[in-house]
$ cat final_0.cif   # mmCIF, C-alpha atoms and all ligand atoms
data_work
loop_
_atom_site.label_atom_id
_atom_site.label_comp_id
_atom_site.auth_asym_id
_atom_site.auth_seq_id
_atom_site.Cartn_x
_atom_site.Cartn_y
_atom_site.Cartn_z
CA ALA V 289 102.02 109.47 69.51
CA HIS V 290 101.24 113.06 70.55
CA ARG V 291 98.62 114.47 72.91
CA PRO V 292 98.30 118.07 74.16
CA VAL V 293 98.29 116.79 77.77
CA VAL V 294 99.37 113.54 79.44
CA VAL V 295 97.93 113.05 82.95
CA ILE V 296 99.79 110.61 85.20
CA GLY V 297 97.46 109.10 87.81
CA ALA V 298 93.70 108.45 87.84
CA GLY V 299 92.90 109.62 91.36
CA PRO V 300 90.58 112.53 92.23
CA ALA V 301 93.15 115.06 90.94
CA GLY V 302 94.05 113.36 87.64
CA LEU V 303 90.48 112.43 86.74
CA THR V 304 89.21 115.94 87.48
CA VAL V 305 91.93 117.51 85.29
CA GLY V 306 91.12 115.00 82.52
CA ASN V 307 87.39 115.75 82.72
CA ILE V 308 87.92 119.52 82.57
CA LEU V 309 90.13 119.11 79.49
CA ARG V 310 87.63 116.86 77.76
CA ALA V 311 84.76 119.28 78.46
CA ALA V 312 86.78 121.87 76.47
CA GLY V 313 87.45 119.38 73.68
CA VAL V 314 91.13 119.07 74.56
CA ASP V 315 92.67 115.66 73.87
CA CYS V 316 94.51 114.03 76.75
CA LEU V 317 95.77 110.65 77.82
CA VAL V 318 95.48 109.45 81.43
CA LEU V 319 97.99 106.80 82.54
CA GLU V 320 97.08 104.73 85.63
CA THR V 321 99.14 101.97 87.17
CA GLU V 322 96.22 100.15 88.84
CA SER V 323 93.16 98.57 87.22
CA ARG V 324 89.84 100.40 86.87
CA ALA V 325 88.22 97.93 89.31
CA PHE V 326 90.93 98.61 91.90
CA ILE V 327 90.71 102.40 91.86
CA GLU V 328 86.91 102.24 92.02
CA GLN V 329 86.96 100.42 95.34
CA ARG V 330 90.13 101.72 97.12
CA PRO V 331 88.87 102.97 100.52
CA ARG V 332 90.33 106.40 101.43
CA ALA V 333 88.87 109.82 102.13
CA GLY V 334 85.28 110.57 102.87
CA VAL V 335 84.72 114.24 103.71
CA ILE V 336 84.27 116.76 100.89
CA GLU V 337 84.08 120.52 101.50
CA GLU V 338 80.91 122.23 100.29
CA ARG V 339 83.07 124.57 98.19
CA VAL V 340 84.69 121.61 96.47
CA VAL V 341 81.32 120.06 95.65
CA ARG V 342 80.30 123.42 94.16
CA GLY V 343 83.48 123.34 92.06
CA LEU V 344 82.56 119.84 90.85
CA GLU V 345 78.98 120.96 90.10
CA GLN V 346 80.21 123.98 88.09
CA ARG V 347 82.18 121.54 85.92
CA GLY V 348 79.37 119.02 85.54
CA LEU V 349 81.27 116.54 87.71
CA ALA V 350 79.18 116.29 90.87
CA GLY V 351 76.71 113.82 89.29
CA ASP V 352 74.13 112.79 91.89
CA LEU V 353 76.52 113.39 94.78
CA PRO V 354 74.19 115.92 96.50
CA LYS V 355 71.47 113.25 96.48
CA ARG V 356 73.68 110.33 97.61
CA ALA V 357 76.07 112.06 100.01
CA GLU V 358 75.25 112.83 103.63
CA ARG V 359 75.18 116.47 104.74
CA HIS V 360 76.98 116.98 108.03
CA THR V 361 76.28 120.10 110.06
CA GLU V 362 78.19 119.36 113.27
CA CYS V 363 81.00 117.26 114.72
CA GLU V 364 81.68 116.22 118.32
CA PHE V 365 84.74 116.38 120.55
CA ARG V 366 84.89 113.87 123.39
CA PHE V 367 87.08 114.84 126.34
CA ASP V 368 86.78 114.92 130.13
CA GLY V 369 84.43 111.91 129.75
CA ARG V 370 81.75 113.90 127.94
CA GLY V 371 80.61 114.60 124.35
CA HIS V 372 80.80 118.26 123.22
CA ARG V 373 78.85 119.03 120.02
CA PHE V 374 80.33 121.65 117.70
CA ALA V 375 77.56 122.93 115.42
CA TYR V 376 79.66 124.47 112.62
CA THR V 377 76.82 124.99 110.15
CA GLU V 378 74.91 127.17 112.65
CA LEU V 379 78.07 129.32 112.82
CA THR V 380 78.90 129.57 109.12
CA GLY V 381 75.94 128.46 107.03
CA TYR V 382 78.24 125.90 105.39
CA HIS V 383 78.11 122.14 105.82
CA HIS V 384 80.38 119.18 105.00
CA TRP V 385 79.47 116.41 102.57
CA VAL V 386 80.31 112.83 103.55
CA HIS V 387 80.87 110.81 100.37
CA PRO V 388 83.43 107.96 100.25
CA GLN V 389 86.27 108.68 97.83
CA PRO V 390 85.76 105.41 95.85
CA LEU V 391 82.26 106.60 94.91
CA LEU V 392 83.63 109.91 93.64
CA VAL V 393 86.46 108.22 91.71
CA THR V 394 83.95 105.79 90.14
CA ASP V 395 81.83 108.72 88.94
CA LEU V 396 84.85 110.68 87.69
CA VAL V 397 86.32 107.78 85.71
CA ARG V 398 82.92 106.93 84.19
CA GLU V 399 82.35 110.57 83.20
CA TYR V 400 85.87 110.85 81.75
CA ALA V 401 86.13 107.54 79.88
CA ASP V 402 82.53 106.60 79.07
CA GLU V 403 80.79 109.97 78.70
CA ARG V 404 83.45 112.44 77.56
CA GLY V 405 85.45 110.06 75.39
CA GLY V 406 88.60 110.50 77.42
CA GLU V 407 91.53 108.19 76.68
CA ILE V 408 92.88 106.21 79.66
CA ARG V 409 95.35 103.33 80.00
CA PHE V 410 95.09 101.14 83.11
CA GLY V 411 97.77 98.84 84.48
CA VAL V 412 100.67 100.75 82.87
CA ARG V 413 104.19 100.07 84.10
CA ASP V 414 107.46 101.97 84.37
CA VAL V 415 106.12 105.47 83.61
CA ARG V 416 108.92 107.95 82.88
CA LEU V 417 108.95 111.66 82.19
CA HIS V 418 111.22 113.22 79.56
CA ASP V 419 112.42 116.71 78.48
CA LEU V 420 110.20 118.52 80.95
CA ASP V 421 112.12 121.77 80.55
CA SER V 422 111.71 121.76 76.75
CA ASP V 423 108.63 122.68 74.72
CA ARG V 424 108.27 119.03 73.64
CA PRO V 425 108.08 117.05 76.86
CA ALA V 426 107.15 113.37 76.70
CA VAL V 427 105.97 110.50 78.87
CA SER V 428 106.92 106.87 78.21
CA TYR V 429 105.35 103.73 79.68
CA THR V 430 105.16 99.98 79.20
CA ASP V 431 101.88 98.54 77.97
CA PRO V 432 100.83 95.80 80.43
CA ASP V 433 99.48 93.46 77.73
CA SER V 434 102.03 93.71 74.93
CA GLY V 435 105.02 94.63 77.11
CA GLU V 436 105.81 97.27 74.49
CA ARG V 437 107.27 100.64 75.42
CA HIS V 438 105.25 103.65 74.26
CA LEU V 439 106.41 107.25 74.03
CA VAL V 440 103.83 110.06 73.99
CA THR V 441 105.02 113.59 73.24
CA CYS V 442 102.84 116.38 74.62
CA ALA V 443 102.67 120.07 75.44
CA PHE V 444 102.07 119.58 79.17
CA VAL V 445 102.33 116.79 81.79
CA ALA V 446 99.93 116.78 84.75
CA GLY V 447 101.67 114.90 87.59
CA CYS V 448 98.72 113.53 89.58
CA ASP V 449 100.34 110.26 90.68
CA GLY V 450 99.95 110.60 94.42
CA ALA V 451 102.42 110.20 97.26
CA ARG V 452 104.66 107.59 95.64
CA GLY V 453 104.52 108.35 91.92
CA PRO V 454 107.31 109.25 89.44
CA SER V 455 106.32 112.93 88.92
CA ARG V 456 107.74 114.32 92.13
CA ALA V 457 110.89 112.27 91.56
CA ALA V 458 111.27 114.08 88.20
CA LEU V 459 111.69 117.47 89.89
CA PRO V 460 115.19 118.98 89.77
CA SER V 461 117.38 118.84 92.86
CA TRP V 462 116.72 122.53 93.64
CA ALA V 463 112.99 121.88 94.25
CA ARG V 464 112.31 122.31 97.97
CA ILE V 465 110.50 119.51 99.84
CA SER V 466 109.43 120.50 103.36
CA ARG V 467 108.56 117.59 105.60
CA HIS V 468 106.91 117.27 108.98
CA GLU V 469 106.95 114.01 110.94
CA TYR V 470 104.28 113.82 113.67
CA GLY V 471 106.15 110.99 115.37
CA ILE V 472 102.89 109.08 115.76
CA GLY V 473 100.95 106.47 113.84
CA TRP V 474 97.23 106.17 113.19
CA LEU V 475 95.68 102.77 112.80
CA ALA V 476 93.23 103.43 109.92
CA LEU V 477 90.25 101.08 110.25
CA LEU V 478 87.21 100.46 108.09
CA ALA V 479 84.47 98.70 110.06
CA GLU V 480 81.54 96.86 108.52
CA ALA V 481 79.24 98.48 111.07
CA PRO V 482 76.70 101.28 110.96
CA PRO V 483 78.06 104.57 112.33
CA SER V 484 77.81 104.93 116.12
CA SER V 485 76.77 108.55 115.76
CA ASP V 486 75.43 110.64 112.90
CA ARG V 487 78.45 112.95 113.19
CA VAL V 488 82.22 112.79 113.10
CA LEU V 489 83.64 112.08 116.58
CA PHE V 490 87.09 113.08 117.88
CA GLY V 491 88.23 111.41 121.11
CA MET V 492 91.02 113.19 123.02
CA HIS V 493 92.18 110.64 125.57
CA ALA V 494 95.25 110.23 127.76
CA ASP V 495 95.86 106.86 126.05
CA GLY V 496 95.70 108.35 122.57
CA PHE V 497 93.46 109.89 119.94
CA ALA V 498 90.51 108.01 118.46
CA GLY V 499 88.30 109.12 115.56
CA HIS V 500 84.93 108.00 114.18
CA MET V 501 83.85 109.04 110.66
CA PRO V 502 80.63 107.75 109.05
CA ARG V 503 81.25 106.30 105.56
CA GLY V 504 77.63 105.48 104.66
CA PRO V 505 74.84 103.49 106.37
CA GLU V 506 76.85 100.26 106.73
CA LEU V 507 80.46 101.45 106.91
CA THR V 508 82.43 103.46 109.46
CA ARG V 509 86.01 104.75 109.31
CA TYR V 510 87.80 104.65 112.67
CA TYR V 511 91.28 105.84 113.60
CA LEU V 512 93.28 104.84 116.65
CA GLN V 513 96.53 106.60 117.52
CA CYS V 514 99.35 104.08 117.83
CA PRO V 515 103.18 104.07 117.79
CA PRO V 516 104.63 104.91 114.34
CA GLY V 517 105.52 101.74 112.43
CA ASP V 518 103.19 99.71 114.66
CA ASP V 519 102.18 96.30 113.29
CA PRO V 520 98.45 96.11 112.33
CA ASP V 521 98.58 92.42 113.31
CA SER V 522 99.19 93.45 116.92
CA TRP V 523 95.68 94.88 116.84
CA PRO V 524 93.24 91.95 116.90
CA HIS V 525 89.50 92.64 116.75
CA GLU V 526 89.02 92.58 120.56
CA ARG V 527 91.87 94.99 121.24
CA VAL V 528 90.71 97.46 118.56
CA TRP V 529 87.17 97.67 119.90
CA ALA V 530 88.25 97.78 123.55
CA GLU V 531 90.50 100.76 122.78
CA LEU V 532 87.88 102.53 120.64
CA GLN V 533 85.19 102.09 123.30
CA ARG V 534 87.50 103.44 126.00
CA ARG V 535 88.92 106.41 124.12
CA LEU V 536 85.54 107.49 122.71
CA ARG V 537 83.51 106.83 125.86
CA ALA V 538 81.27 109.69 126.97
CA ALA V 539 78.94 109.56 129.95
CA ASP V 540 76.01 110.92 128.00
CA ARG V 541 76.47 108.84 124.83
CA PRO V 542 75.77 105.17 123.88
CA PRO V 543 78.71 102.77 123.31
CA LEU V 544 80.07 102.24 119.77
CA THR V 545 78.40 99.73 117.41
CA GLU V 546 81.02 97.09 116.67
CA GLY V 547 81.53 95.08 113.46
CA ARG V 548 83.99 93.22 111.24
CA LEU V 549 87.17 95.15 110.36
CA LEU V 550 87.56 95.34 106.58
CA GLU V 551 90.69 97.47 106.54
CA LYS V 552 93.47 97.77 109.10
CA ARG V 553 96.55 99.75 108.15
CA VAL V 554 99.01 101.89 110.08
CA LEU V 555 99.50 105.35 108.62
CA ASP V 556 102.82 106.86 109.57
CA MET V 557 101.56 110.40 110.10
CA HIS V 558 103.65 112.85 108.18
CA ASN V 559 103.19 115.87 105.92
CA TYR V 560 105.22 117.27 103.07
CA VAL V 561 105.04 120.18 100.66
CA VAL V 562 106.88 120.45 97.33
CA GLU V 563 107.80 123.95 96.14
CA PRO V 564 107.33 125.02 93.44
CA MET V 565 104.62 122.67 92.12
CA VAL V 566 105.71 123.36 88.53
CA PHE V 567 108.89 122.45 86.66
CA GLY V 568 109.03 123.36 82.99
CA ARG V 569 105.97 121.71 81.41
CA LEU V 570 105.30 119.45 84.43
CA PHE V 571 102.48 120.62 86.72
CA LEU V 572 101.97 118.68 89.98
CA ALA V 573 98.54 118.38 91.61
CA GLY V 574 97.26 116.65 94.74
CA ASP V 575 99.29 114.25 96.86
CA ALA V 576 102.07 114.33 94.25
CA ALA V 577 102.76 117.89 95.45
CA HIS V 578 101.69 117.86 99.08
CA LEU V 579 100.57 115.42 101.72
CA VAL V 580 98.53 116.30 104.75
CA ALA V 581 97.93 113.49 107.24
CA PRO V 582 94.17 112.71 107.42
CA ILE V 583 93.88 114.87 110.57
CA ALA V 584 91.47 117.47 109.25
CA ALA V 585 90.09 115.57 106.23
CA LYS V 586 91.91 117.90 103.83
CA GLY V 587 93.94 115.62 101.54
CA MET V 588 91.35 114.93 98.91
CA ASN V 589 89.94 118.46 99.15
CA LEU V 590 93.35 119.99 98.43
CA ALA V 591 93.77 117.61 95.48
CA LEU V 592 90.48 118.80 94.00
CA HIS V 593 91.24 122.48 94.63
CA ASP V 594 94.54 122.00 92.73
CA ALA V 595 92.80 120.10 89.91
CA PHE V 596 90.25 122.89 89.34
CA LEU V 597 93.05 125.46 88.96
CA LEU V 598 95.21 123.18 86.79
CA GLY V 599 92.37 122.04 84.52
CA ASP V 600 91.11 125.60 84.01
CA GLY V 601 94.66 126.90 83.47
CA LEU V 602 95.48 124.23 80.85
CA VAL V 603 92.22 124.87 78.98
CA ALA V 604 92.86 128.65 78.91
CA GLN V 605 96.39 128.05 77.60
CA LEU V 606 95.50 125.42 75.03
CA THR V 607 92.32 126.96 73.66
CA GLU V 608 93.01 130.73 73.97
CA GLY V 609 96.78 130.98 74.45
CA ASP V 610 96.10 132.60 77.85
CA ALA V 611 98.92 131.55 80.22
CA THR V 612 97.84 133.50 83.32
CA GLY V 613 96.26 130.47 85.03
CA LEU V 614 99.34 128.30 84.53
CA ASP V 615 101.75 131.11 85.41
CA GLY V 616 99.98 131.69 88.73
CA TYR V 617 99.16 128.04 89.40
CA SER V 618 101.89 127.05 91.84
CA ASP V 619 101.60 130.17 94.03
CA ALA V 620 97.79 129.99 94.08
CA CYS V 621 97.83 126.33 95.15
CA LEU V 622 100.60 126.76 97.72
CA ARG V 623 98.82 129.59 99.56
CA ARG V 624 95.93 127.20 100.27
CA VAL V 625 98.25 124.23 100.85
CA TRP V 626 100.21 126.05 103.57
CA ASP V 627 97.02 127.30 105.19
CA TYR V 628 95.67 123.72 105.38
CA GLN V 629 99.06 122.42 106.58
CA GLU V 630 99.02 124.95 109.42
CA PHE V 631 95.45 123.99 110.37
CA SER V 632 96.32 120.30 110.31
CA GLN V 633 99.24 121.02 112.66
CA TRP V 634 97.09 123.11 114.98
CA LEU V 635 94.38 120.45 115.17
CA SER V 636 96.97 117.73 115.71
CA GLY V 637 98.04 119.63 118.85
CA ILE V 638 94.50 119.17 120.19
CA TYR V 639 94.16 115.52 119.17
CA HIS V 640 97.52 114.33 120.45
CA GLY V 641 98.30 116.73 123.32
CA PRO V 642 96.47 114.76 126.04
CA SER V 643 98.43 111.57 125.23
CA SER V 644 101.80 113.26 124.57
CA GLY V 645 103.10 112.49 128.07
CA ASP V 646 103.99 116.21 128.33
CA PRO V 647 101.69 117.99 130.83
CA TYR V 648 102.39 121.33 129.16
CA ARG V 649 101.19 120.05 125.74
CA ALA V 650 98.20 118.40 127.43
CA GLY V 651 97.31 121.66 129.16
CA THR V 652 97.58 123.82 126.05
CA ALA V 653 95.64 121.23 124.00
CA LEU V 654 92.68 121.38 126.34
CA ALA V 655 92.93 125.17 126.48
CA ARG V 656 92.65 125.31 122.64
CA LEU V 657 89.65 123.01 122.81
CA ARG V 658 87.87 124.92 125.57
CA ARG V 659 88.46 128.18 123.67
CA ILE V 660 86.46 127.09 120.61
CA PHE V 661 83.55 126.25 122.94
CA ALA V 662 83.88 129.38 125.06
CA SER V 663 84.57 132.08 122.46
CA PRO V 664 82.23 132.63 119.48
CA VAL V 665 85.06 134.34 117.60
CA ALA V 666 87.44 131.40 118.14
CA ALA V 667 84.60 129.01 117.19
CA ALA V 668 83.93 130.87 113.94
CA ALA V 669 87.63 130.87 113.04
CA PHE V 670 87.86 127.14 113.70
CA ALA V 671 84.69 126.44 111.70
CA GLU V 672 86.04 128.45 108.74
CA GLN V 673 89.22 126.40 108.64
CA TYR V 674 87.50 123.08 109.34
CA LEU V 675 85.05 123.68 106.46
CA GLY V 676 87.54 125.35 104.10
CA THR V 677 85.31 128.39 103.63
CA ALA V 678 87.97 131.10 103.88
CA GLY V 679 87.71 133.31 100.81
CA ALA V 680 91.09 134.48 99.66
CA PHE V 681 94.38 132.84 100.45
P1 LIG V 701 95.78 109.58 94.68
O1 LIG V 701 96.86 108.89 95.45
O2 LIG V 701 94.36 109.41 95.10
O3 LIG V 701 95.84 109.12 93.15
C1 LIG V 701 97.09 108.91 92.52
C2 LIG V 701 96.86 107.86 91.44
O4 LIG V 701 98.08 107.71 90.73
C3 LIG V 701 96.53 106.50 92.04
O5 LIG V 701 95.38 105.98 91.41
C4 LIG V 701 97.77 105.67 91.77
O6 LIG V 701 97.45 104.31 91.53
C5 LIG V 701 98.32 106.34 90.54
N1 LIG V 701 99.76 106.15 90.37
C6 LIG V 701 100.71 106.10 91.33
N2 LIG V 701 101.92 105.87 90.76
C7 LIG V 701 101.72 105.79 89.42
C8 LIG V 701 102.57 105.56 88.30
N3 LIG V 701 103.87 105.33 88.46
N4 LIG V 701 102.02 105.52 87.07
C9 LIG V 701 100.69 105.72 86.90
N5 LIG V 701 99.81 105.93 87.92
C10 LIG V 701 100.34 105.96 89.16
N6 LIG V 701 92.18 112.32 102.71
C11 LIG V 701 91.11 112.94 103.28
O7 LIG V 701 90.80 114.09 102.91
N7 LIG V 701 90.37 112.31 104.27
C12 LIG V 701 90.64 111.03 104.68
O8 LIG V 701 89.95 110.49 105.53
C13 LIG V 701 91.73 110.35 104.08
N8 LIG V 701 92.02 109.08 104.44
C14 LIG V 701 93.05 108.43 103.83
C15 LIG V 701 93.34 107.11 104.20
C16 LIG V 701 94.39 106.43 103.59
C17 LIG V 701 94.68 105.03 104.00
C18 LIG V 701 95.19 107.09 102.60
C19 LIG V 701 96.35 106.38 101.93
C20 LIG V 701 94.90 108.39 102.23
C21 LIG V 701 93.83 109.08 102.84
N9 LIG V 701 93.51 110.39 102.49
C22 LIG V 701 92.48 111.04 103.08
C23 LIG V 701 94.27 111.13 101.52
C24 LIG V 701 93.83 110.75 100.11
O9 LIG V 701 92.43 110.75 100.04
C25 LIG V 701 94.48 111.71 99.14
O10 LIG V 701 94.55 113.04 99.65
C26 LIG V 701 93.80 111.76 97.79
O11 LIG V 701 93.62 110.46 97.33
C27 LIG V 701 94.71 112.58 96.86
O12 LIG V 701 94.24 112.45 95.57
P2 LIG V 701 95.30 112.40 94.35
O13 LIG V 701 96.25 113.53 94.50
O14 LIG V 701 94.49 112.27 93.11
O15 LIG V 701 96.19 111.11 94.62
#
$ encode --input "final_0.cif" --output "structure tokens"
Amino acid sequence: AHRPVVVIGAGPAGLTVGNILRAAGVDCLVLETESRAFIEQRPRAGVIEERVVRGLEQRGLAGDLPKRAERHTECEFRFDGRGHRFAYTELTGYHHWVHPQPLLVTDLVREYADERGGEIRFGVRDVRLHDLDSDRPAVSYTDPDSGERHLVTCAFVAGCDGARGPSRAALPSWARISRHEYGIGWLALLAEAPPSSDRVLFGMHADGFAGHMPRGPELTRYYLQCPPGDDPDSWPHERVWAELQRRLRAADRPPLTEGRLLEKRVLDMHNYVVEPMVFGRLFLAGDAAHLVAPIAAKGMNLALHDAFLLGDGLVAQLTEGDATGLDGYSDACLRRVWDYQEFSQWLSGIYHGPSSGDPYRAGTALARLRRIFASPVAAAAFAEQYLGTAGAF
């Protein structure tokens, strides 16, 4: 079989690329290892930049997100036993959307497969990439039902298969992978409880970071800093809530609303960046090319920024023979990727300084924090990075 483009991975990146191609009448095949039901409920990110929602709207992919999602205009840092509101929308005119990733993925896969007639295979196995540095690359996979191997030749492969997919492994040995290990873990929790505040909370505490992110009226995402490789089973319900209440306590705020824990997993906090993001006819997008620990809610946003550039670049190439988008793709993505990596690092210094055990890191962390409350210029710079509103990269 032949398709102009094969997309590996039906996450936010792969589905957005597929939808952009279909809107231009370009045939493509999306290959996904999980089932449709699984990807539509997998709990992950929840904060979407206003610019990214605009990008989705411009491509007819935002659906009723602006009606269903919550607009956030401020967040809150809790330190020195008090809550400190940071009203970023007042500073920039931009807001954040809170919209759980499963809802976005559900809309994207419905738009791609049911509305735009996009071809997708779920449950595929053993996906392999072939002849990427030729003008006839191919992708092979095993059909889950028949067990048959299929080979699809194509003009381009979009590697959107996330942090553990085959695309990155297909890069040649000279590709550079930069890694950063934070040396800490985050216990990622999903609580069946209404949010304890209408804004995102960051708790900087001597015993460790804690985070609170609304995920809709009945669900709340919490994070608790823990040792890397910690065992989620060593965190029973009582211990989780005792730690969250302590690390997020503020004199002038009510205690957290507790509830059943639906998800409990330890994220080993690390980042990586793959350079370049292109090899021959393989174009990487999203977590397949870069990972940023969920410190500044940037992972899914970066994936969508990449997907807009890749989808538009493929359409220009395939419908008008214009290669400028694809030629500039890797550099354009990496300028934003490194900017977000640096911000994630900077913010991690604030979150984890107080509990680092190093008084110098604790002192500089609080100094950074006090600066964004004391200096309007520092506050505006922080808000710009937090919201992703910087113009050029
Ligand atoms: P994805 O990983 O979403 O999608 C890749 C797809 O490829 C998956 O559907 C996978 O099943 C499929 N795939 C993998 N291997 C394959 C193969 N061999 N063949 C075919 N398909 C294959 N980001 C935030 O911004 N904020 C957060 O709060 C946040 N929290 C997170 C919490 C957790 C527990 C995790 C794991 C991630 C979190 N992230 C968060 C980051 C996450 O949202 C990613 O940045 C985002 O999903 C990236 O989108 P994609 O690049 O499309 O990759």
$ atom_distance --input "final_0.cif" --atom1 "CA of Glu608 in chain V" --atom2 "CA of Leu622 in chain V"
25.2 Å
$ atom_distance --input "final_0.cif" --atom1 "CA of Ile336 in chain V" --atom2 "atom C26 of ligand LIG 701 (chain V)"
11.2 Å
$ residues_around --input "final_0.cif" --residues "Arg467 in chain V" --least-positions-apart "5" --cutoff "12 Å" --atoms "all atoms listed in the file" --output "number ranges by chain"
V: 557-563, 577-581, 629
$ write_last_selection --input "final_0.cif" --atoms "C-alpha atoms" --output "PDB file, keeping the file's coordinate frame"
ATOM      1  CA  MET V 557     101.560 110.400 110.100  1.00  0.00           C
ATOM      2  CA  HIS V 558     103.650 112.850 108.180  1.00  0.00           C
ATOM      3  CA  ASN V 559     103.190 115.870 105.920  1.00  0.00           C
ATOM      4  CA  TYR V 560     105.220 117.270 103.070  1.00  0.00           C
ATOM      5  CA  VAL V 561     105.040 120.180 100.660  1.00  0.00           C
ATOM      6  CA  VAL V 562     106.880 120.450  97.330  1.00  0.00           C
ATOM      7  CA  GLU V 563     107.800 123.950  96.140  1.00  0.00           C
ATOM      8  CA  ALA V 577     102.760 117.890  95.450  1.00  0.00           C
ATOM      9  CA  HIS V 578     101.690 117.860  99.080  1.00  0.00           C
ATOM     10  CA  LEU V 579     100.570 115.420 101.720  1.00  0.00           C
ATOM     11  CA  VAL V 580      98.530 116.300 104.750  1.00  0.00           C
ATOM     12  CA  ALA V 581      97.930 113.490 107.240  1.00  0.00           C
ATOM     13  CA  GLN V 629      99.060 122.420 106.580  1.00  0.00           C
TER      14      GLN V 629
END
$ atom_distance --input "final_0.cif" --atom1 "CA of Gly504 in chain V" --atom2 "atom C25 of ligand LIG 701 (chain V)"
18.8 Å
$ residues_near_ligand --input "final_0.cif" --ligand "ligand LIG 701 (chain V)" --cutoff "7 Å" --atoms "only C-alpha atoms and all ligand atoms" --output "PyMOL selection string"
chain V and resi 296-302+319-322+327+332-335+389+412-415+448-454+476+553+555+573-576+579+582+585-589+591
$ residues_near_point --input "final_0.cif" --point "(88.0, 102.1, 108.9)" --cutoff "10 Å" --atoms "all atoms listed in the file" --output "MDAnalysis selection string"
chainID V and resid 331:332 475:481 499:503 507:512 549:553
$ closest_residue --input "final_0.cif" --among "V:Gly645, V:Gly406, V:Gly351, V:Gly343" --to "His493 in chain V" --atoms "all atoms listed in the file"
V:Gly645
$ residues_around --input "final_0.cif" --residues "Ser632 in chain V" --least-positions-apart "3" --cutoff "7 Å" --atoms "all atoms listed in the file" --output "NGL selection string"
:V and (583-584 or 628-629 or 635-636)
$ residues_around --input "final_0.cif" --residues "Leu317 in chain V" --least-positions-apart "5" --cutoff "7 Å" --atoms "only C-alpha atoms" --output "number ranges by chain"
V: 291, 293-295, 407-408
$ closest_residue --input "final_0.cif" --among "V:Arg366, V:Arg527, V:His387, V:Arg659" --to "Asp540 in chain V" --atoms "all atoms listed in the file"
V:Arg366
$ closest_residue --input "final_0.cif" --among "V:Arg424, V:Glu337, V:Gly435, V:Arg310" --to "Glu403 in chain V" --atoms "all atoms listed in the file"
V:Arg310
$ closest_residue --input "final_0.cif" --among "V:Leu544, V:Cys316, V:Leu536, V:Leu396" --to "Leu344 in chain V" --atoms "all atoms listed in the file"
V:Leu396
